[in-house]
Amino acid sequence: MNALAATNRNFRHAARILGLDAKIEKSLLIPFREIKVECTIPKDDGTLVSYVGFRVQHDNARGPMKGGIRYHPEVDPDEHQTWELMHRLWQWILDEYSKFHGHSPAIVTGKPIDLGGSLGREAATGRGVVFATEALRNEYGKSIKDMTFAIQGFGNVGSWAAKLIHERGGGVLNRENAGKVRAKFIIEAANHPTDPEADEILSKKGVIILPDIYANAGGVTVSYFEWVQNIQGFMWDEEKVNNELKRYMTRAFHNIKSMCQSHNCNLRMGAFTLGVNRVARATVLRGWEA
């Protein structure tokens with residue numbers, strides 16, 4: 001099951017738990033706006049090539065919309081230095097938008113520091129994973145120094161998580177391998193690493209899963225901090241960024257646990273019901289449910 005199908009399934013489950021009105025459920029499931037663009041540009045040899053791009057804006061009931069940019073699968077990362085390419089793209093977006101609207105650094109996040117990026121952003125997702133893990137182990141009376149960690153993957157998130165855990169090892173879990181897992185806790189630092197069938201198997205085994213929708217939110221949270229700093233025109237030091245990230249991640253965990261207790265559900269559904277309920281309430285308050 002792909003990530004979109006799994007997310008829709010989890011959304012519908014959360015909607016049932018919350019008892020959402022059918023009209024609200026349908027309005028939240030369907031994107032607010034989908035845009036398709038086609039650009040035809042000349043190549044170095046003079047020939048023309050057309051590229052198609054898509055932009056999906058899902059919901060803005062609670063404020064501005066934010067989302068990642070994805071390249072076509074045929075883009076070969078070995079031919080490009082990925083972060084260099086990303087930073088160049090952010091600069092292009094910032095420059096093009098600013099031509100029409102004036103200097104607008106908040107329009108894109110993940111920028112280099114010299115262009116208004118935030119300190120602490122590189123380590124933010126991995127650091128957020130550690131803060132989420134600390135919140136979880138506090139709930140169950142565990143200490144990080146008394147726990148053993150197996151980290152799958154050693155990219156930006158995994159390497160920072162490992163480094164930060166040391167200071168205080170690829171694949172997706174599915175129905176074939178879920179039964180072999182012996183861990184007491186699983187922290188989903190990647191997006192959609194556990195499919196719904198594996199989720200059910202692991203839950204029945206008593207494995208506590210800290211879901212991706214929360215556990216890897218450190219990166220997007222610090223991107224939000226970057227947006228806030230750009231709006232304010234004031235740059236935070238790295239200590240403030242990290243302290244605020246810990247506060248947000250810890251508070252989010254307690255909010256999720258509260259939903260779990262209110263609706264007798266696991267952490268994944270606690271996170272989904274928390275988010276869906278917030279957006280549904282904003283939708284009703286703005287009179288968009290009709």
# chains A, B, ... in the order shown; residues from 1 in each chain; ligands from 1

$ residues_around --residues "segment 228-236 of chain A" --least-positions-apart "3" --cutoff "12 Å" --atoms "only C-alpha atoms" --output "list in words"
His103, Ser104, Pro105, Ala106, Ile107, Val108, Thr109, Gly110, Lys111, Ile113, Asp114, Leu115, Gly116, Gly117, Ser118, Leu119, Gly120, Arg121, Thr221, Val222, Ser223, Tyr224, Phe225, Glu239, Lys240, Val241, Asn242, Asn243 and Glu244 of chain A

$ write_last_selection --atoms "N, CA and C atoms" --output "mmCIF file, in the first residue's frame"
data_model
loop_
_atom_site.group_PDB
_atom_site.id
_atom_site.type_symbol
_atom_site.label_atom_id
_atom_site.label_comp_id
_atom_site.auth_asym_id
_atom_site.auth_seq_id
_atom_site.Cartn_x
_atom_site.Cartn_y
_atom_site.Cartn_z
ATOM 1 N N HIS A 103 11.051 41.594 -1.563
ATOM 2 C CA HIS A 103 11.856 40.646 -0.784
ATOM 3 C C HIS A 103 10.957 39.829 0.135
ATOM 4 N N SER A 104 10.920 38.517 -0.081
ATOM 5 C CA SER A 104 9.983 37.645 0.655
ATOM 6 C C SER A 104 10.683 36.368 1.100
ATOM 7 N N PRO A 105 11.619 36.448 2.047
ATOM 8 C CA PRO A 105 12.380 35.254 2.440
ATOM 9 C C PRO A 105 11.523 34.145 3.029
ATOM 10 N N ALA A 106 10.346 34.484 3.572
ATOM 11 C CA ALA A 106 9.506 33.470 4.221
ATOM 12 C C ALA A 106 8.780 32.571 3.228
ATOM 13 N N ILE A 107 8.877 32.867 1.928
ATOM 14 C CA ILE A 107 8.114 32.102 0.946
ATOM 15 C C ILE A 107 8.633 30.678 0.791
ATOM 16 N N VAL A 108 9.896 30.436 1.141
ATOM 17 C CA VAL A 108 10.472 29.096 1.025
ATOM 18 C C VAL A 108 11.377 28.853 2.225
ATOM 19 N N THR A 109 11.355 27.622 2.740
ATOM 20 C CA THR A 109 12.192 27.286 3.896
ATOM 21 C C THR A 109 13.197 26.200 3.516
ATOM 22 N N GLY A 110 14.171 26.000 4.395
ATOM 23 C CA GLY A 110 15.262 25.093 4.085
ATOM 24 C C GLY A 110 16.381 25.813 3.352
ATOM 25 N N LYS A 111 16.374 27.139 3.436
ATOM 26 C CA LYS A 111 17.353 27.961 2.727
ATOM 27 C C LYS A 111 18.717 27.913 3.414
ATOM 28 N N ILE A 113 21.834 29.539 5.359
ATOM 29 C CA ILE A 113 21.813 30.549 6.421
ATOM 30 C C ILE A 113 21.953 31.956 5.842
ATOM 31 N N ASP A 114 22.820 32.111 4.842
ATOM 32 C CA ASP A 114 23.075 33.436 4.270
ATOM 33 C C ASP A 114 21.861 34.024 3.565
ATOM 34 N N LEU A 115 20.871 33.185 3.235
ATOM 35 C CA LEU A 115 19.663 33.671 2.560
ATOM 36 C C LEU A 115 18.448 33.657 3.476
ATOM 37 N N GLY A 116 18.698 33.566 4.786
ATOM 38 C CA GLY A 116 17.583 33.609 5.724
ATOM 39 C C GLY A 116 17.178 32.267 6.280
ATOM 40 N N GLY A 117 18.031 31.258 6.115
ATOM 41 C CA GLY A 117 17.737 29.953 6.696
ATOM 42 C C GLY A 117 17.888 29.972 8.205
ATOM 43 N N SER A 118 17.479 28.875 8.845
ATOM 44 C CA SER A 118 17.520 28.806 10.307
ATOM 45 C C SER A 118 18.691 27.969 10.793
ATOM 46 N N LEU A 119 19.330 28.430 11.844
ATOM 47 C CA LEU A 119 20.320 27.605 12.531
ATOM 48 C C LEU A 119 19.615 26.364 13.080
ATOM 49 N N GLY A 120 20.326 25.256 13.118
ATOM 50 C CA GLY A 120 19.755 24.028 13.674
ATOM 51 C C GLY A 120 18.912 23.221 12.715
ATOM 52 N N ARG A 121 18.733 23.704 11.477
ATOM 53 C CA ARG A 121 17.843 23.007 10.543
ATOM 54 C C ARG A 121 18.417 21.678 10.081
ATOM 55 N N THR A 221 9.057 21.277 11.781
ATOM 56 C CA THR A 221 8.855 22.221 12.882
ATOM 57 C C THR A 221 9.893 23.342 12.826
ATOM 58 N N VAL A 222 11.148 22.972 12.592
ATOM 59 C CA VAL A 222 12.183 24.005 12.492
ATOM 60 C C VAL A 222 12.024 24.802 11.193
ATOM 61 N N SER A 223 11.456 24.194 10.161
ATOM 62 C CA SER A 223 11.111 24.977 8.967
ATOM 63 C C SER A 223 10.056 26.022 9.313
ATOM 64 N N TYR A 224 9.123 25.638 10.181
ATOM 65 C CA TYR A 224 8.137 26.614 10.676
ATOM 66 C C TYR A 224 8.848 27.726 11.446
ATOM 67 N N PHE A 225 9.827 27.347 12.281
ATOM 68 C CA PHE A 225 10.590 28.362 13.009
ATOM 69 C C PHE A 225 11.297 29.309 12.030
ATOM 70 N N GLU A 239 20.660 27.659 20.184
ATOM 71 C CA GLU A 239 20.148 27.169 21.464
ATOM 72 C C GLU A 239 18.647 27.404 21.574
ATOM 73 N N LYS A 240 18.186 28.576 21.137
ATOM 74 C CA LYS A 240 16.752 28.865 21.187
ATOM 75 C C LYS A 240 15.988 27.941 20.244
ATOM 76 N N VAL A 241 16.526 27.711 19.045
ATOM 77 C CA VAL A 241 15.872 26.810 18.091
ATOM 78 C C VAL A 241 15.706 25.426 18.708
ATOM 79 N N ASN A 242 16.781 24.908 19.302
ATOM 80 C CA ASN A 242 16.729 23.561 19.878
ATOM 81 C C ASN A 242 15.799 23.493 21.085
ATOM 82 N N ASN A 243 15.820 24.519 21.916
ATOM 83 C CA ASN A 243 14.936 24.536 23.088
ATOM 84 C C ASN A 243 13.468 24.601 22.672
ATOM 85 N N GLU A 244 13.174 25.426 21.669
ATOM 86 C CA GLU A 244 11.796 25.516 21.181
ATOM 87 C C GLU A 244 11.357 24.208 20.540
#

$ residues_around --residues "segment 9-24 of chain A" --least-positions-apart "4" --cutoff "10 Å" --atoms "only C-alpha atoms" --output "list of chain:residue names"
A:Ala3, A:Leu4, A:Ala5, A:Leu28, A:Leu29, A:Pro196, A:His263, A:Asn264, A:Cys265, A:Arg268, A:Met269, A:Gly270, A:Ala271, A:Phe272, A:Thr273, A:Leu274, A:Gly275, A:Val276, A:Asn277, A:Val279, A:Ala280, A:Arg281, A:Thr283, A:Val284, A:Trp288, A:Glu289, A:Ala290

$ write_last_selection --atoms "N, CA and C atoms" --output "tab-separated table (two decimals), in the first residue's frame"
chain	number	residue	atom	x	y	z
A	3	ALA	N	2.00	5.35	0.22
A	3	ALA	CA	1.86	6.28	1.33
A	3	ALA	C	0.53	7.03	1.29
A	4	LEU	N	0.08	7.42	0.09
A	4	LEU	CA	-1.18	8.16	-0.01
A	4	LEU	C	-2.36	7.30	0.41
A	5	ALA	N	-2.39	6.05	-0.07
A	5	ALA	CA	-3.48	5.14	0.28
A	5	ALA	C	-3.49	4.87	1.78
A	28	LEU	N	-12.42	17.37	3.84
A	28	LEU	CA	-11.03	17.30	4.30
A	28	LEU	C	-10.21	16.33	3.47
A	29	LEU	N	-10.86	15.34	2.90
A	29	LEU	CA	-10.14	14.32	2.13
A	29	LEU	C	-9.74	14.82	0.75
A	196	PRO	N	0.07	-0.61	6.85
A	196	PRO	CA	-1.03	-0.87	7.79
A	196	PRO	C	-1.12	-2.30	8.29
A	263	HIS	N	-9.91	8.45	23.34
A	263	HIS	CA	-10.54	7.64	22.29
A	263	HIS	C	-10.10	6.18	22.31
A	264	ASN	N	-9.32	5.80	23.34
A	264	ASN	CA	-8.89	4.40	23.49
A	264	ASN	C	-8.25	3.88	22.20
A	265	CYS	N	-7.21	4.59	21.74
A	265	CYS	CA	-6.56	4.20	20.50
A	265	CYS	C	-5.04	4.22	20.68
A	268	ARG	N	-0.56	6.08	16.81
A	268	ARG	CA	-0.77	6.55	15.44
A	268	ARG	C	-2.14	7.20	15.29
A	269	MET	N	-3.16	6.51	15.82
A	269	MET	CA	-4.50	7.08	15.73
A	269	MET	C	-4.65	8.29	16.64
A	270	GLY	N	-3.88	8.31	17.73
A	270	GLY	CA	-3.88	9.49	18.60
A	270	GLY	C	-3.38	10.71	17.85
A	271	ALA	N	-2.30	10.51	17.06
A	271	ALA	CA	-1.75	11.62	16.27
A	271	ALA	C	-2.71	12.04	15.16
A	272	PHE	N	-3.31	11.06	14.49
A	272	PHE	CA	-4.23	11.39	13.40
A	272	PHE	C	-5.49	12.07	13.92
A	273	THR	N	-6.06	11.55	15.00
A	273	THR	CA	-7.28	12.18	15.53
A	273	THR	C	-6.99	13.59	16.02
A	274	LEU	N	-5.81	13.81	16.59
A	274	LEU	CA	-5.43	15.15	17.05
A	274	LEU	C	-5.40	16.13	15.87
A	275	GLY	N	-4.71	15.73	14.80
A	275	GLY	CA	-4.60	16.61	13.65
A	275	GLY	C	-5.92	16.81	12.92
A	276	VAL	N	-6.63	15.71	12.67
A	276	VAL	CA	-7.90	15.80	11.94
A	276	VAL	C	-8.91	16.63	12.72
A	277	ASN	N	-8.95	16.45	14.03
A	277	ASN	CA	-9.91	17.19	14.85
A	277	ASN	C	-9.62	18.70	14.80
A	279	VAL	N	-8.16	20.42	12.36
A	279	VAL	CA	-8.52	20.97	11.05
A	279	VAL	C	-10.03	20.99	10.87
A	280	ALA	N	-10.70	19.94	11.35
A	280	ALA	CA	-12.17	19.88	11.23
A	280	ALA	C	-12.81	21.02	12.01
A	281	ARG	N	-12.31	21.29	13.22
A	281	ARG	CA	-12.87	22.38	14.03
A	281	ARG	C	-12.67	23.73	13.33
A	283	THR	N	-12.36	24.21	10.16
A	283	THR	CA	-13.23	24.22	8.98
A	283	THR	C	-14.65	24.64	9.35
A	284	VAL	N	-15.15	24.07	10.45
A	284	VAL	CA	-16.51	24.41	10.91
A	284	VAL	C	-16.58	25.87	11.33
A	288	TRP	N	-16.91	26.49	6.35
A	288	TRP	CA	-16.58	25.88	5.07
A	288	TRP	C	-17.17	24.48	4.90
A	289	GLU	N	-17.93	24.02	5.90
A	289	GLU	CA	-18.35	22.61	5.88
A	289	GLU	C	-19.54	22.35	4.97
A	290	ALA	N	-20.24	23.39	4.55
A	290	ALA	CA	-21.45	23.20	3.74
A	290	ALA	C	-21.10	22.67	2.36

$ atom_distance --atom1 "atom CA of Ala135 of chain A" --atom2 "atom CA of Arg182 of chain A"
21.4 Å

$ residues_around --residues "Ser143 of chain A" --least-positions-apart "5" --cutoff "9 Å" --atoms "only C-alpha atoms" --output "PyMOL selection string"
chain A and resi 134+137-138

$ atom_distance --atom1 "atom CA of Ile93 of chain A" --atom2 "atom CA of Thr7 of chain A"
28.7 Å

$ select_by_dssp --residues "segment 17-112 of chain A" --states "alpha helix (DSSP H)" --output "PyMOL selection string"
chain A and resi 17-18+22-29+82-101

$ write_last_selection --atoms "C-alpha atoms" --output "mmCIF file, in the first residue's frame"
data_model
loop_
_atom_site.group_PDB
_atom_site.id
_atom_site.type_symbol
_atom_site.label_atom_id
_atom_site.label_comp_id
_atom_site.auth_asym_id
_atom_site.auth_seq_id
_atom_site.Cartn_x
_atom_site.Cartn_y
_atom_site.Cartn_z
ATOM 1 C CA ILE A 17 -13.209 7.591 15.818
ATOM 2 C CA LEU A 18 -14.085 11.292 15.990
ATOM 3 C CA ALA A 22 -19.778 12.898 6.308
ATOM 4 C CA LYS A 23 -19.623 16.315 4.615
ATOM 5 C CA ILE A 24 -16.683 17.392 6.767
ATOM 6 C CA GLU A 25 -14.879 14.107 6.140
ATOM 7 C CA LYS A 26 -15.289 14.448 2.383
ATOM 8 C CA SER A 27 -14.207 18.088 2.337
ATOM 9 C CA LEU A 28 -11.034 17.300 4.301
ATOM 10 C CA LEU A 29 -10.141 14.318 2.132
ATOM 11 C CA THR A 82 21.626 16.782 -3.860
ATOM 12 C CA TRP A 83 21.901 19.504 -1.222
ATOM 13 C CA GLU A 84 23.637 21.839 -3.672
ATOM 14 C CA LEU A 85 20.762 21.272 -6.109
ATOM 15 C CA MET A 86 18.171 21.869 -3.393
ATOM 16 C CA HIS A 87 19.765 25.096 -2.223
ATOM 17 C CA ARG A 88 19.983 26.344 -5.793
ATOM 18 C CA LEU A 89 16.292 25.538 -6.314
ATOM 19 C CA TRP A 90 15.301 27.402 -3.132
ATOM 20 C CA GLN A 91 17.262 30.415 -4.372
ATOM 21 C CA TRP A 92 15.437 30.322 -7.723
ATOM 22 C CA ILE A 93 12.045 30.123 -6.034
ATOM 23 C CA LEU A 94 12.923 32.977 -3.684
ATOM 24 C CA ASP A 95 14.277 35.146 -6.512
ATOM 25 C CA GLU A 96 11.305 34.564 -8.842
ATOM 26 C CA TYR A 97 8.696 35.223 -6.147
ATOM 27 C CA SER A 98 10.530 38.316 -4.923
ATOM 28 C CA LYS A 99 10.497 39.807 -8.445
ATOM 29 C CA PHE A 100 6.730 40.169 -8.189
ATOM 30 C CA HIS A 101 6.180 40.630 -4.447
#

$ atom_distance --atom1 "atom CA of Lys205 of chain A" --atom2 "atom CA of Gly218 of chain A"
28.2 Å
